[in-house]
file upload-v8.cif (mmCIF, C-alpha atoms)
data_entry
#
loop_
_atom_site.label_atom_id
_atom_site.label_comp_id
_atom_site.auth_asym_id
_atom_site.auth_seq_id
_atom_site.Cartn_x
_atom_site.Cartn_y
_atom_site.Cartn_z
CA MET A 117 95.26 50.38 6.90
CA ARG A 118 94.54 53.46 8.92
CA ALA A 119 93.74 51.27 11.94
CA SER A 120 97.08 49.48 11.73
CA LYS A 121 98.93 52.82 11.54
CA TYR A 122 97.05 54.12 14.55
CA ILE A 123 97.89 51.05 16.53
CA ARG A 124 101.59 51.33 15.64
CA ARG A 125 101.60 55.03 16.72
CA ILE A 126 100.05 54.14 20.08
CA ALA A 127 102.66 51.43 20.61
CA VAL A 128 105.53 53.82 19.80
CA LEU A 129 104.19 56.49 22.18
CA THR A 130 103.77 53.93 24.94
CA ALA A 131 107.35 52.75 24.47
CA VAL A 132 108.62 56.35 24.55
CA PHE A 133 106.76 57.12 27.78
CA ALA A 134 108.06 53.91 29.35
CA LEU A 135 111.65 54.73 28.46
CA SER A 136 111.35 58.29 29.79
CA GLY A 137 109.88 56.97 33.08
CA MET A 138 112.77 54.55 33.52
CA THR A 139 115.19 57.34 32.84
CA CYS A 140 113.57 59.57 35.47
CA GLY A 141 113.47 56.72 37.97
CA CYS A 142 117.13 55.99 37.49
CA LYS A 143 118.08 59.65 38.04
CA SER A 144 115.96 59.84 41.20
CA ASP A 145 117.50 56.66 42.68
CA LYS A 146 120.97 57.92 41.92
CA LYS A 147 120.25 61.19 43.66
CA ASN A 148 118.93 59.42 46.70
CA ASP A 149 121.90 57.09 46.68
CA GLU A 150 124.27 59.99 46.41
CA SER A 151 122.38 61.81 49.18
CA GLY A 152 122.38 58.72 51.33
CA LYS A 153 126.11 58.22 50.94
CA GLU A 154 127.07 61.81 51.57
CA GLN A 155 124.92 62.46 54.67
CA PRO A 156 126.86 60.24 57.14
CA VAL A 157 130.12 61.67 55.85
CA THR A 158 128.84 65.17 56.50
CA SER A 159 127.60 64.11 59.98
CA ALA A 160 130.90 62.48 60.72
CA LYS A 161 132.71 65.62 59.70
CA ILE A 162 130.46 67.71 61.96
CA SER A 163 130.82 65.40 64.96
CA SER A 164 134.59 65.25 64.59
CA SER A 165 135.01 68.96 64.04
CA VAL A 166 132.76 70.24 66.89
CA LYS A 167 134.45 69.76 70.27
CA PRO A 168 132.44 70.52 73.43
CA PRO A 169 134.00 73.37 75.44
CA VAL A 170 135.17 72.56 78.99
CA LYS A 171 136.76 74.34 81.93
CA THR A 172 139.70 72.82 83.74
CA MET A 173 141.89 73.24 86.79
CA LYS A 174 145.23 71.83 87.87
CA LEU A 175 144.77 69.42 90.77
CA GLU A 176 146.79 70.48 93.80
CA GLU A 177 146.51 70.06 97.55
CA SER A 178 144.51 72.83 99.21
CA GLU A 179 142.83 73.41 102.54
CA ILE A 180 139.34 72.03 102.96
CA THR A 181 136.78 72.78 105.63
CA HIS A 182 133.94 70.52 106.69
CA ASP A 183 130.66 71.97 107.93
CA ILE A 184 128.64 70.03 110.49
CA VAL A 185 125.10 71.41 110.51
CA SER A 186 122.45 70.39 113.03
CA ASN A 187 119.25 71.62 114.65
CA GLY A 188 119.23 72.19 118.40
CA LYS A 189 117.58 73.99 121.28
CA ILE A 190 118.69 76.93 123.37
CA ALA A 191 118.95 76.02 127.07
CA ALA A 192 119.68 78.03 130.20
CA CYS A 193 122.70 77.06 132.28
CA GLU A 194 120.44 76.40 135.30
CA SER A 195 116.75 75.80 135.81
CA ALA A 196 114.74 74.46 138.73
CA ASP A 197 111.14 73.33 139.09
CA LEU A 198 109.76 74.25 142.51
CA TYR A 199 107.06 72.10 144.22
CA PHE A 200 104.88 72.52 147.26
CA ARG A 201 105.04 69.44 149.50
CA SER A 202 101.44 69.50 150.68
CA SER A 203 98.06 70.30 149.23
CA GLU A 204 96.88 73.54 150.82
CA PRO A 205 95.38 76.83 149.61
CA VAL A 206 97.91 79.33 148.26
CA SER A 207 97.66 82.32 150.58
CA GLU A 208 100.37 84.52 149.03
CA LEU A 209 101.75 84.85 145.49
CA TRP A 210 104.38 87.53 144.99
CA VAL A 211 105.57 86.86 141.42
CA LYS A 212 104.37 86.39 137.85
CA ASP A 213 105.77 84.86 134.64
CA GLY A 214 108.77 86.73 133.28
CA GLN A 215 109.57 88.47 136.55
CA ARG A 216 113.21 88.54 137.62
CA VAL A 217 113.99 87.36 141.12
CA LYS A 218 117.04 87.10 143.37
CA ARG A 219 118.33 84.13 145.30
CA GLY A 220 116.37 83.56 148.51
CA GLN A 221 113.48 85.83 147.45
CA GLN A 222 110.02 84.63 148.55
CA LEU A 223 107.84 83.59 145.63
CA ALA A 224 104.66 81.99 147.02
CA ARG A 225 103.30 80.67 150.33
CA LEU A 226 100.65 78.20 151.41
CA ASP A 227 98.06 78.84 154.09
CA LEU A 228 99.90 77.93 157.32
CA PHE A 229 96.88 77.57 159.63
CA LYS A 230 96.77 73.78 159.53
CA LEU A 231 100.54 73.33 159.80
CA GLU A 232 100.88 75.81 162.68
CA SER A 233 97.99 74.21 164.55
CA GLU A 234 99.68 70.85 164.18
CA ARG A 235 102.93 72.38 165.41
CA THR A 236 101.24 73.58 168.58
CA LYS A 237 99.98 70.05 169.27
CA LEU A 238 103.37 68.53 168.56
CA ILE A 239 105.07 70.93 170.96
CA SER A 240 102.67 69.84 173.69
CA THR A 241 103.32 66.19 172.91
CA ARG A 242 107.06 66.77 173.10
CA ASP A 243 106.80 68.57 176.46
CA ARG A 244 104.76 65.70 177.93
CA ALA A 245 107.33 63.22 176.64
CA ARG A 246 110.08 65.16 178.39
CA LEU A 247 108.23 64.98 181.69
CA GLU A 248 107.66 61.27 181.16
CA MET A 249 111.39 60.76 180.57
CA GLN A 250 112.22 62.57 183.82
CA ASP A 251 109.83 60.28 185.71
CA VAL A 252 111.57 57.26 184.16
CA LEU A 253 114.99 58.53 185.25
CA ILE A 254 113.80 59.39 188.77
CA GLY A 255 112.30 55.90 189.07
CA GLN A 256 115.77 54.47 188.33
CA GLY A 257 117.42 56.65 191.01
CA TYR A 258 118.87 59.37 188.80
CA ASP A 259 118.56 63.15 189.07
CA PRO A 260 117.15 64.58 185.75
CA SER A 261 118.79 67.94 186.51
CA ARG A 262 122.22 66.30 186.31
CA MET A 263 121.95 64.63 182.88
CA SER A 264 125.72 64.63 182.31
CA GLU A 265 126.13 62.13 185.16
CA ILE A 266 123.58 59.66 183.78
CA PRO A 267 124.95 56.85 181.56
CA ASP A 268 124.14 57.23 177.87
CA ASP A 269 122.40 53.87 177.59
CA VAL A 270 120.10 54.75 180.48
CA VAL A 271 119.19 58.10 178.88
CA ARG A 272 118.60 56.40 175.54
CA LEU A 273 116.24 53.86 177.06
CA ALA A 274 114.37 56.59 178.97
CA ARG A 275 113.84 58.59 175.78
CA VAL A 276 112.40 55.56 174.00
CA ARG A 277 110.06 54.65 176.88
CA SER A 278 108.80 58.20 177.23
CA GLY A 279 108.23 58.65 173.46
CA LEU A 280 110.44 61.74 173.39
CA ASP A 281 112.37 60.62 170.29
CA GLU A 282 109.17 60.17 168.29
CA ALA A 283 107.74 63.50 169.47
CA GLU A 284 110.88 65.42 168.51
CA SER A 285 111.00 63.69 165.10
CA SER A 286 107.39 64.68 164.36
CA LEU A 287 108.08 68.25 165.42
CA SER A 288 111.15 68.42 163.17
CA SER A 289 109.10 67.14 160.18
CA ASN A 290 106.46 69.75 160.87
CA ALA A 291 109.10 72.51 160.91
CA LYS A 292 110.32 71.34 157.51
CA GLU A 293 106.78 71.38 156.12
CA ILE A 294 106.29 74.93 157.34
CA GLU A 295 109.63 75.93 155.79
CA HIS A 296 108.73 74.35 152.44
CA ALA A 297 105.28 75.95 152.52
CA THR A 298 107.09 79.07 151.32
CA LEU A 299 108.80 78.79 147.94
CA ARG A 300 112.07 80.73 147.59
CA ALA A 301 114.27 81.35 144.55
CA PRO A 302 117.28 78.96 144.62
CA PHE A 303 119.33 81.38 142.48
CA ASN A 304 119.03 84.60 140.52
CA GLY A 305 116.83 84.17 137.50
CA VAL A 306 113.45 84.65 135.88
CA VAL A 307 110.08 83.09 136.70
CA ALA A 308 108.50 80.77 134.12
CA ASN A 309 105.66 78.21 133.86
CA LEU A 310 103.71 79.63 136.81
CA LYS A 311 100.95 77.09 137.55
CA VAL A 312 99.48 78.26 140.87
CA LYS A 313 97.09 81.08 141.66
CA ARG A 314 96.38 82.90 144.86
CA HIS A 315 93.63 81.12 146.87
CA GLY A 316 93.92 78.11 144.57
CA MET A 317 94.92 74.66 145.85
CA SER A 318 98.50 73.51 145.42
CA ASN A 319 99.30 70.18 143.76
CA PRO A 320 102.35 68.36 145.20
CA SER A 321 102.68 66.25 142.00
CA GLU A 322 102.96 69.32 139.73
CA ALA A 323 105.64 72.01 139.72
CA ALA A 324 104.24 75.29 140.98
CA LEU A 325 106.70 77.30 138.87
CA ARG A 326 110.16 77.23 137.32
CA ILE A 327 113.13 79.48 137.91
CA ILE A 328 115.50 79.90 134.94
CA ASN A 329 119.01 81.24 135.35
CA ASP A 330 119.64 82.86 131.98
CA ALA A 331 122.89 84.53 132.97
CA VAL A 332 124.66 81.96 130.78
CA MET A 333 122.93 80.26 127.85
CA SER A 334 123.92 77.17 125.90
CA VAL A 335 122.72 75.20 122.89
CA GLU A 336 122.16 71.45 122.80
CA PHE A 337 122.31 69.65 119.45
CA PRO A 338 122.87 66.12 118.09
CA VAL A 339 125.49 65.00 115.57
CA LEU A 340 125.99 61.73 113.72
CA GLU A 341 128.34 59.25 115.33
CA SER A 342 130.45 59.35 112.15
CA GLU A 343 131.02 63.08 112.78
CA LEU A 344 132.03 62.61 116.41
CA PRO A 345 135.79 62.15 115.68
CA LEU A 346 135.82 65.61 114.07
CA LEU A 347 134.60 67.41 117.21
CA ASN A 348 136.53 68.48 120.30
CA ARG A 349 135.79 70.55 123.37
CA GLY A 350 136.54 74.19 122.61
CA ASP A 351 135.52 74.04 118.95
CA ILE A 352 133.75 77.19 117.75
CA VAL A 353 130.06 76.98 116.85
CA GLU A 354 127.75 79.46 115.11
CA VAL A 355 124.12 79.56 116.22
CA SER A 356 121.14 81.21 114.52
CA THR A 357 117.58 80.92 115.78
CA PHE A 358 114.65 79.97 113.57
CA ALA A 359 113.09 83.28 114.57
CA GLY A 360 115.91 85.10 112.76
CA GLY A 361 118.12 87.85 114.08
CA ASP A 362 121.76 87.78 115.11
CA VAL A 363 124.24 84.94 114.72
CA TYR A 364 125.68 83.88 118.07
CA LYS A 365 129.08 82.30 118.66
CA GLY A 366 130.02 79.79 121.30
CA LYS A 367 132.32 76.91 122.20
CA ILE A 368 131.64 73.21 122.65
CA SER A 369 131.68 72.56 126.40
CA GLU A 370 130.28 69.02 126.69
CA ILE A 371 130.32 65.90 124.51
CA ASN A 372 128.13 63.07 125.73
CA PRO A 373 130.23 59.87 125.39
CA THR A 374 127.24 57.71 124.40
CA VAL A 375 125.41 57.06 121.12
CA ASP A 376 121.63 56.76 121.25
CA ASP A 377 119.51 54.23 119.36
CA LYS A 378 119.28 56.62 116.38
CA GLY A 379 123.05 56.84 115.98
CA LEU A 380 123.26 60.37 117.39
CA VAL A 381 125.55 61.96 119.97
CA LYS A 382 124.45 64.84 122.19
CA ILE A 383 126.63 67.98 122.16
CA ARG A 384 126.38 71.10 124.33
CA ALA A 385 128.01 74.45 123.55
CA SER A 386 128.10 77.50 125.80
CA LEU A 387 127.30 80.84 124.16
CA SER A 388 129.43 83.92 124.71
CA SER A 389 126.49 86.28 124.15
CA HIS A 390 122.80 85.60 124.55
CA SER A 391 120.88 88.86 124.25
CA GLY A 392 117.43 88.00 122.91
CA LEU A 393 117.73 84.25 123.48
CA VAL A 394 115.03 82.40 125.42
CA ASP A 395 115.19 78.97 127.01
CA GLY A 396 113.74 76.36 124.63
CA MET A 397 114.25 78.31 121.38
CA ASN A 398 114.84 76.23 118.24
CA ALA A 399 118.16 76.99 116.58
CA ARG A 400 120.41 75.95 113.71
CA VAL A 401 123.99 75.12 114.67
CA ARG A 402 127.03 75.09 112.38
CA VAL A 403 130.50 73.80 113.29
CA THR A 404 133.21 74.49 110.70
CA LYS A 405 136.31 72.29 110.90
CA ASN A 406 139.55 73.01 108.99
CA LEU A 407 140.87 69.60 107.94
CA GLY A 408 144.17 70.82 106.51
CA LYS A 409 145.52 70.36 102.97
CA ARG A 410 144.09 67.58 100.81
CA LEU A 411 143.36 66.89 97.13
CA VAL A 412 140.17 68.87 96.54
CA VAL A 413 138.01 69.43 93.45
CA PRO A 414 134.83 71.47 92.96
CA LYS A 415 131.63 69.48 93.40
CA SER A 416 130.85 70.05 89.71
CA ALA A 417 133.94 68.01 88.74
CA VAL A 418 132.45 64.79 90.13
CA VAL A 419 129.80 63.09 87.97
CA GLN A 420 128.05 59.74 88.10
CA ARG A 421 128.81 56.99 85.59
CA SER A 422 127.56 53.41 86.02
CA GLY A 423 126.57 54.24 89.58
CA ARG A 424 130.10 55.32 90.55
CA ASP A 425 131.87 58.65 91.08
CA VAL A 426 133.91 59.74 88.06
CA VAL A 427 136.21 62.68 87.40
CA PHE A 428 137.33 63.50 83.84
CA THR A 429 140.89 64.65 83.28
CA LEU A 430 142.22 66.35 80.18
CA GLU A 431 145.04 64.52 78.37
CA ASN A 432 146.21 65.42 74.83
CA GLY A 433 142.94 67.19 74.06
CA LYS A 434 140.78 64.27 75.16
CA ALA A 435 138.58 63.67 78.22
CA ILE A 436 139.81 60.68 80.21
CA TRP A 437 137.39 58.83 82.49
CA ASN A 438 138.72 58.21 86.06
CA TYR A 439 136.90 56.32 88.82
CA VAL A 440 137.53 58.07 92.14
CA THR A 441 136.87 57.61 95.84
CA VAL A 442 135.57 60.78 97.48
CA GLY A 443 135.90 61.74 101.13
CA ILE A 444 134.88 64.84 103.07
CA GLU A 445 132.71 67.39 101.29
CA ASN A 446 131.39 70.86 102.08
CA LEU A 447 129.12 73.30 100.31
CA ASP A 448 131.28 73.61 97.16
CA SER A 449 134.15 71.10 97.31
CA ARG A 450 134.85 67.37 97.61
CA GLU A 451 137.98 65.57 98.75
CA ILE A 452 139.53 63.03 96.36
CA MET A 453 140.97 60.13 98.34
CA GLU A 454 141.81 57.72 95.49
CA GLY A 455 141.87 57.78 91.69
CA LEU A 456 143.76 61.02 90.98
CA SER A 457 147.11 62.54 91.81
CA ALA A 458 148.43 66.06 92.17
CA GLY A 459 149.39 67.78 88.91
CA GLN A 460 146.64 66.28 86.72
CA THR A 461 144.33 68.60 84.78
CA VAL A 462 140.74 68.09 85.95
CA ILE A 463 137.68 69.04 83.92
CA THR A 464 135.38 71.03 86.21
CA GLU A 465 132.64 72.20 83.82
CA GLY A 466 131.16 70.83 80.60
CA ASN A 467 131.57 67.23 81.79
CA GLU A 468 127.91 66.29 82.10
CA ASN A 469 127.68 64.38 78.80
CA LEU A 470 131.30 63.47 78.12
CA ALA A 471 132.43 59.99 77.11
CA HIS A 472 135.82 58.36 77.58
CA GLN A 473 138.45 59.79 75.21
CA ALA A 474 135.99 62.32 73.76
CA PRO A 475 137.79 65.28 72.09
CA VAL A 476 137.17 68.52 73.98
CA ALA A 477 138.17 72.15 73.72
CA GLU A 478 139.37 74.30 76.61
#
call {"tool": "encode", "arguments": {"input": "upload-v8.cif", "output": "structure tokens"}}
result
Amino acid sequence: MRASKYIRRIAVLTAVFALSGMTCGCKSDKKNDESGKEQPVTSAKISSSVKPPVKTMKLEESEITHDIVSNGKIAACESADLYFRSSEPVSELWVKDGQRVKRGQQLARLDLFKLESERTKLISTRDRARLEMQDVLIGQGYDPSRMSEIPDDVVRLARVRSGLDEAESSLSSNAKEIEHATLRAPFNGVVANLKVKRHGMSNPSEAALRIINDAVMSVEFPVLESELPLLNRGDIVEVSTFAGGDVYKGKISEINPTVDDKGLVKIRASLSSHSGLVDGMNARVRVTKNLGKRLVVPKSAVVQRSGRDVVFTLENGKAIWNYVTVGIENLDSREIMEGLSAGQTVITEGNENLAHQAPVAE
């Protein structure tokens, strides 16, 4: 009897525990269900209530400048490499690198002993040829002391037979060699790249020195062929050397009318001032062109979407996605050629993560 009562008590307790567990489980599921249903609603309310802040501008035509930047080299207006024409010892050297010289000033001279000895022999050869020509004329019945009365063709033949023409030609060549044995400055300038030394041998295949006329300096630089239509003679350039220092101004003086195999065009600009500039210096060149009034937006207004340029405009509190075609750009602005019109409100900041028709706040 006691056993049967004990068993019934155990069964009742088990049923009670089972019912309480079901009750707890039902409450927990309901809570989760309620939580699960409310969370998206809350998120939706948050996403619809929070509008990303943006900055805008009214699109109007304004002036835009285009900067053409290139690297170039400083060059002197004139330079000349001077060569000796024969290989002889250098007997005199009157200059050194960096020395300023004047036009016609003697710079260096070869040993003239060999050339002057040859000149003496050539003079003797010429004199003998003259005597030979007189003998030829006398043999033909003419008086050599009355050359004006002798026909030109007879004199010409006598000169050839006597060898006088050849002798005078050799003597003239020798005189030129003696003249070129002394190097002279072709213009005012400064000495550079001095290769010869006193008592050293000259090398006709190598320039003995260079004279640089730095009275007027210029800068040579390349530009892309697509930028060529923007440039004209007389355009202002700004030049700064890689070594630092002043910024120099100049004007474009030459535009090479050919495009090289790299698609570049060579430009030269003369500089109005050149204190501190040296031939061959590396420099950075900037040409700023005013292109007039056009539709212009800040660079930050143009973003990429699907691989294309997009500008967002603000309409009725929403960001509207506009595909655009951009043109000229400079350091902070871009030209809008197609896709927008004057008067629209353009979003310039806060557009990095915007979607089409996304609500925004100014």
call {"tool": "atom_distance", "arguments": {"input": "upload-v8.cif", "atom1": "atom CA of A:Glu295", "atom2": "atom CA of A:Tyr199"}}
result
12.5 Å
call {"tool": "resolve_selection", "arguments": {"input": "upload-v8.cif", "expression": "the PyMOL selection byres ((chain A and resi 466-472) around 7)", "output": "PyMOL selection string"}}
result
chain A and resi 169-171+419+435-437+463-465+473-474
call {"tool": "closest_residue", "arguments": {"input": "upload-v8.cif", "among": "A:Glu265, A:Glu176, A:Asp197, A:Glu451", "to": "A:Ala324", "atoms": "only C-alpha atoms"}}
result
A:Asp197
call {"tool": "closest_residue", "arguments": {"input": "upload-v8.cif", "among": "A:Leu198, A:Leu325, A:Leu411, A:Val166", "to": "A:Ala308", "atoms": "only C-alpha atoms"}}
result
A:Leu325
call {"tool": "atom_distance", "arguments": {"input": "upload-v8.cif", "atom1": "atom CA of A:Asn309", "atom2": "atom CA of A:Ser207"}}
result
19.0 Å
call {"tool": "closest_residue", "arguments": {"input": "upload-v8.cif", "among": "A:Thr241, A:Ser178, A:Asn446, A:Asn432", "to": "A:Asp281", "atoms": "only C-alpha atoms"}}
result
A:Thr241
call {"tool": "residues_around", "arguments": {"input": "upload-v8.cif", "residues": "stretch 313-316 of chain A", "least_positions_apart": "6", "cutoff": "9 Å", "atoms": "only C-alpha atoms", "output": "ChimeraX atom specification"}}
result
/A:204-209,224,226-227
call {"tool": "write_last_selection", "arguments": {"input": "upload-v8.cif", "atoms": "C-alpha atoms", "output": "compact mmCIF listing (two decimals), in the frame of the given file"}}
result
# COMPACT_ATOMS: atom_id res chain seq x y z
CA GLU A 204 96.88 73.54 150.82
CA PRO A 205 95.38 76.83 149.61
CA VAL A 206 97.91 79.33 148.26
CA SER A 207 97.66 82.32 150.58
CA GLU A 208 100.37 84.52 149.03
CA LEU A 209 101.75 84.85 145.49
CA ALA A 224 104.66 81.99 147.02
CA LEU A 226 100.65 78.20 151.41
CA ASP A 227 98.06 78.84 154.09
call {"tool": "resolve_selection", "arguments": {"input": "upload-v8.cif", "expression": "the PyMOL selection byres ((chain A and resi 338) around 6)", "output": "PyMOL selection string"}}
result
chain A and resi 337+339+380-383
call {"tool": "atom_distance", "arguments": {"input": "upload-v8.cif", "atom1": "atom CA of A:Thr298", "atom2": "atom CA of A:Ser318"}}
result
11.8 Å
call {"tool": "residues_around", "arguments": {"input": "upload-v8.cif", "residues": "stretch 247-250 of chain A", "least_positions_apart": "4", "cutoff": "8 Å", "atoms": "all atoms listed in the file", "output": "PyMOL selection string"}}
result
chain A and resi 243+254+260+274-275+277-278+280
call {"tool": "residues_around", "arguments": {"input": "upload-v8.cif", "residues": "A:Glu234", "least_positions_apart": "4", "cutoff": "8 Å", "atoms": "only C-alpha atoms", "output": "number ranges by chain"}}
result
A: 230, 238, 290
call {"tool": "closest_residue", "arguments": {"input": "upload-v8.cif", "among": "A:Ala297, A:Ala192, A:Glu177, A:Arg216", "to": "A:Leu228", "atoms": "all atoms listed in the file"}}
result
A:Ala297
call {"tool": "closest_residue", "arguments": {"input": "upload-v8.cif", "among": "A:Ile444, A:Leu430, A:Ile190, A:Ala323", "to": "A:Gly459", "atoms": "all atoms listed in the file"}}
result
A:Leu430
call {"tool": "closest_residue", "arguments": {"input": "upload-v8.cif", "among": "A:Gln222, A:Asn319, A:Gln215, A:Ser286", "to": "A:Lys237", "atoms": "all atoms listed in the file"}}
result
A:Ser286
call {"tool": "residues_near_point", "arguments": {"input": "upload-v8.cif", "point": "(115.3, 78.2, 137.5)", "cutoff": "6 Å", "atoms": "only C-alpha atoms", "output": "PyMOL selection string"}}
result
chain A and resi 194-196+326-329
call {"tool": "resolve_selection", "arguments": {"input": "upload-v8.cif", "expression": "the PyMOL selection byres ((chain A and resi 387-391) around 8)", "output": "ChimeraX atom specification"}}
result
/A:332-335,364-367,385-386,392-393
call {"tool": "residues_around", "arguments": {"input": "upload-v8.cif", "residues": "A:Ser186", "least_positions_apart": "5", "cutoff": "10 Å", "atoms": "only C-alpha atoms", "output": "PyMOL selection string"}}
result
chain A and resi 336-340+355+399-403
call {"tool": "decode", "arguments": {"input": "upload-v8.cif", "residues": "stretch 286-294 of chain A", "atoms": "all heavy atoms", "output": "mmCIF file, in the first residue's frame"}}
result
data_model
loop_
_atom_site.group_PDB
_atom_site.id
_atom_site.type_symbol
_atom_site.label_atom_id
_atom_site.label_comp_id
_atom_site.auth_asym_id
_atom_site.auth_seq_id
_atom_site.Cartn_x
_atom_site.Cartn_y
_atom_site.Cartn_z
ATOM 1 N N SER A 286 98.291 74.234 -100.899
ATOM 2 C CA SER A 286 98.905 73.615 -99.712
ATOM 3 C C SER A 286 99.304 74.663 -98.692
ATOM 4 O O SER A 286 99.129 74.470 -97.477
ATOM 5 C CB SER A 286 100.126 72.801 -100.132
ATOM 6 O OG SER A 286 99.763 71.747 -100.990
ATOM 7 N N LEU A 287 99.820 75.799 -99.180
ATOM 8 C CA LEU A 287 100.225 76.865 -98.275
ATOM 9 C C LEU A 287 99.017 77.472 -97.569
ATOM 10 O O LEU A 287 99.077 77.797 -96.373
ATOM 11 C CB LEU A 287 100.971 77.946 -99.060
ATOM 12 C CG LEU A 287 101.672 79.027 -98.231
ATOM 13 C CD1 LEU A 287 102.701 78.413 -97.285
ATOM 14 C CD2 LEU A 287 102.345 80.041 -99.167
ATOM 15 N N SER A 288 97.896 77.612 -98.297
ATOM 16 C CA SER A 288 96.679 78.146 -97.689
ATOM 17 C C SER A 288 96.152 77.201 -96.602
ATOM 18 O O SER A 288 95.712 77.652 -95.534
ATOM 19 C CB SER A 288 95.620 78.358 -98.768
ATOM 20 O OG SER A 288 94.418 78.828 -98.204
ATOM 21 N N SER A 289 96.198 75.874 -96.862
ATOM 22 C CA SER A 289 95.754 74.898 -95.857
ATOM 23 C C SER A 289 96.620 74.960 -94.618
ATOM 24 O O SER A 289 96.126 74.872 -93.480
ATOM 25 C CB SER A 289 95.783 73.498 -96.451
ATOM 26 O OG SER A 289 94.874 73.369 -97.517
ATOM 27 N N ASN A 290 97.921 75.129 -94.828
ATOM 28 C CA ASN A 290 98.830 75.231 -93.699
ATOM 29 C C ASN A 290 98.537 76.464 -92.852
ATOM 30 O O ASN A 290 98.580 76.417 -91.612
ATOM 31 C CB ASN A 290 100.273 75.253 -94.199
ATOM 32 C CG ASN A 290 101.277 75.489 -93.083
ATOM 33 O OD1 ASN A 290 101.721 76.608 -92.853
ATOM 34 N ND2 ASN A 290 101.632 74.425 -92.369
ATOM 35 N N ALA A 291 98.202 77.578 -93.508
ATOM 36 C CA ALA A 291 97.884 78.812 -92.778
ATOM 37 C C ALA A 291 96.635 78.620 -91.912
ATOM 38 O O ALA A 291 96.566 79.105 -90.781
ATOM 39 C CB ALA A 291 97.686 79.954 -93.765
ATOM 40 N N LYS A 292 95.653 77.873 -92.464
ATOM 41 C CA LYS A 292 94.456 77.585 -91.684
ATOM 42 C C LYS A 292 94.766 76.711 -90.478
ATOM 43 O O LYS A 292 94.228 76.909 -89.385
ATOM 44 C CB LYS A 292 93.408 76.897 -92.568
ATOM 45 C CG LYS A 292 92.655 77.826 -93.498
ATOM 46 C CD LYS A 292 91.716 78.714 -92.696
ATOM 47 C CE LYS A 292 90.877 79.589 -93.621
ATOM 48 N NZ LYS A 292 90.011 80.521 -92.838
ATOM 49 N N GLU A 293 95.643 75.728 -90.657
ATOM 50 C CA GLU A 293 96.008 74.849 -89.542
ATOM 51 C C GLU A 293 96.715 75.633 -88.445
ATOM 52 O O GLU A 293 96.482 75.398 -87.257
ATOM 53 C CB GLU A 293 96.891 73.714 -90.049
ATOM 54 C CG GLU A 293 96.147 72.692 -90.902
ATOM 55 C CD GLU A 293 97.039 71.552 -91.324
ATOM 56 O OE1 GLU A 293 98.210 71.511 -90.889
ATOM 57 O OE2 GLU A 293 96.565 70.676 -92.085
ATOM 58 N N ILE A 294 97.550 76.561 -88.841
ATOM 59 C CA ILE A 294 98.234 77.392 -87.838
ATOM 60 C C ILE A 294 97.225 78.285 -87.111
ATOM 61 O O ILE A 294 97.289 78.462 -85.884
ATOM 62 C CB ILE A 294 99.326 78.244 -88.513
ATOM 63 C CG1 ILE A 294 100.466 77.337 -88.992
ATOM 64 C CG2 ILE A 294 99.857 79.307 -87.544
ATOM 65 C CD1 ILE A 294 101.561 78.067 -89.724
#
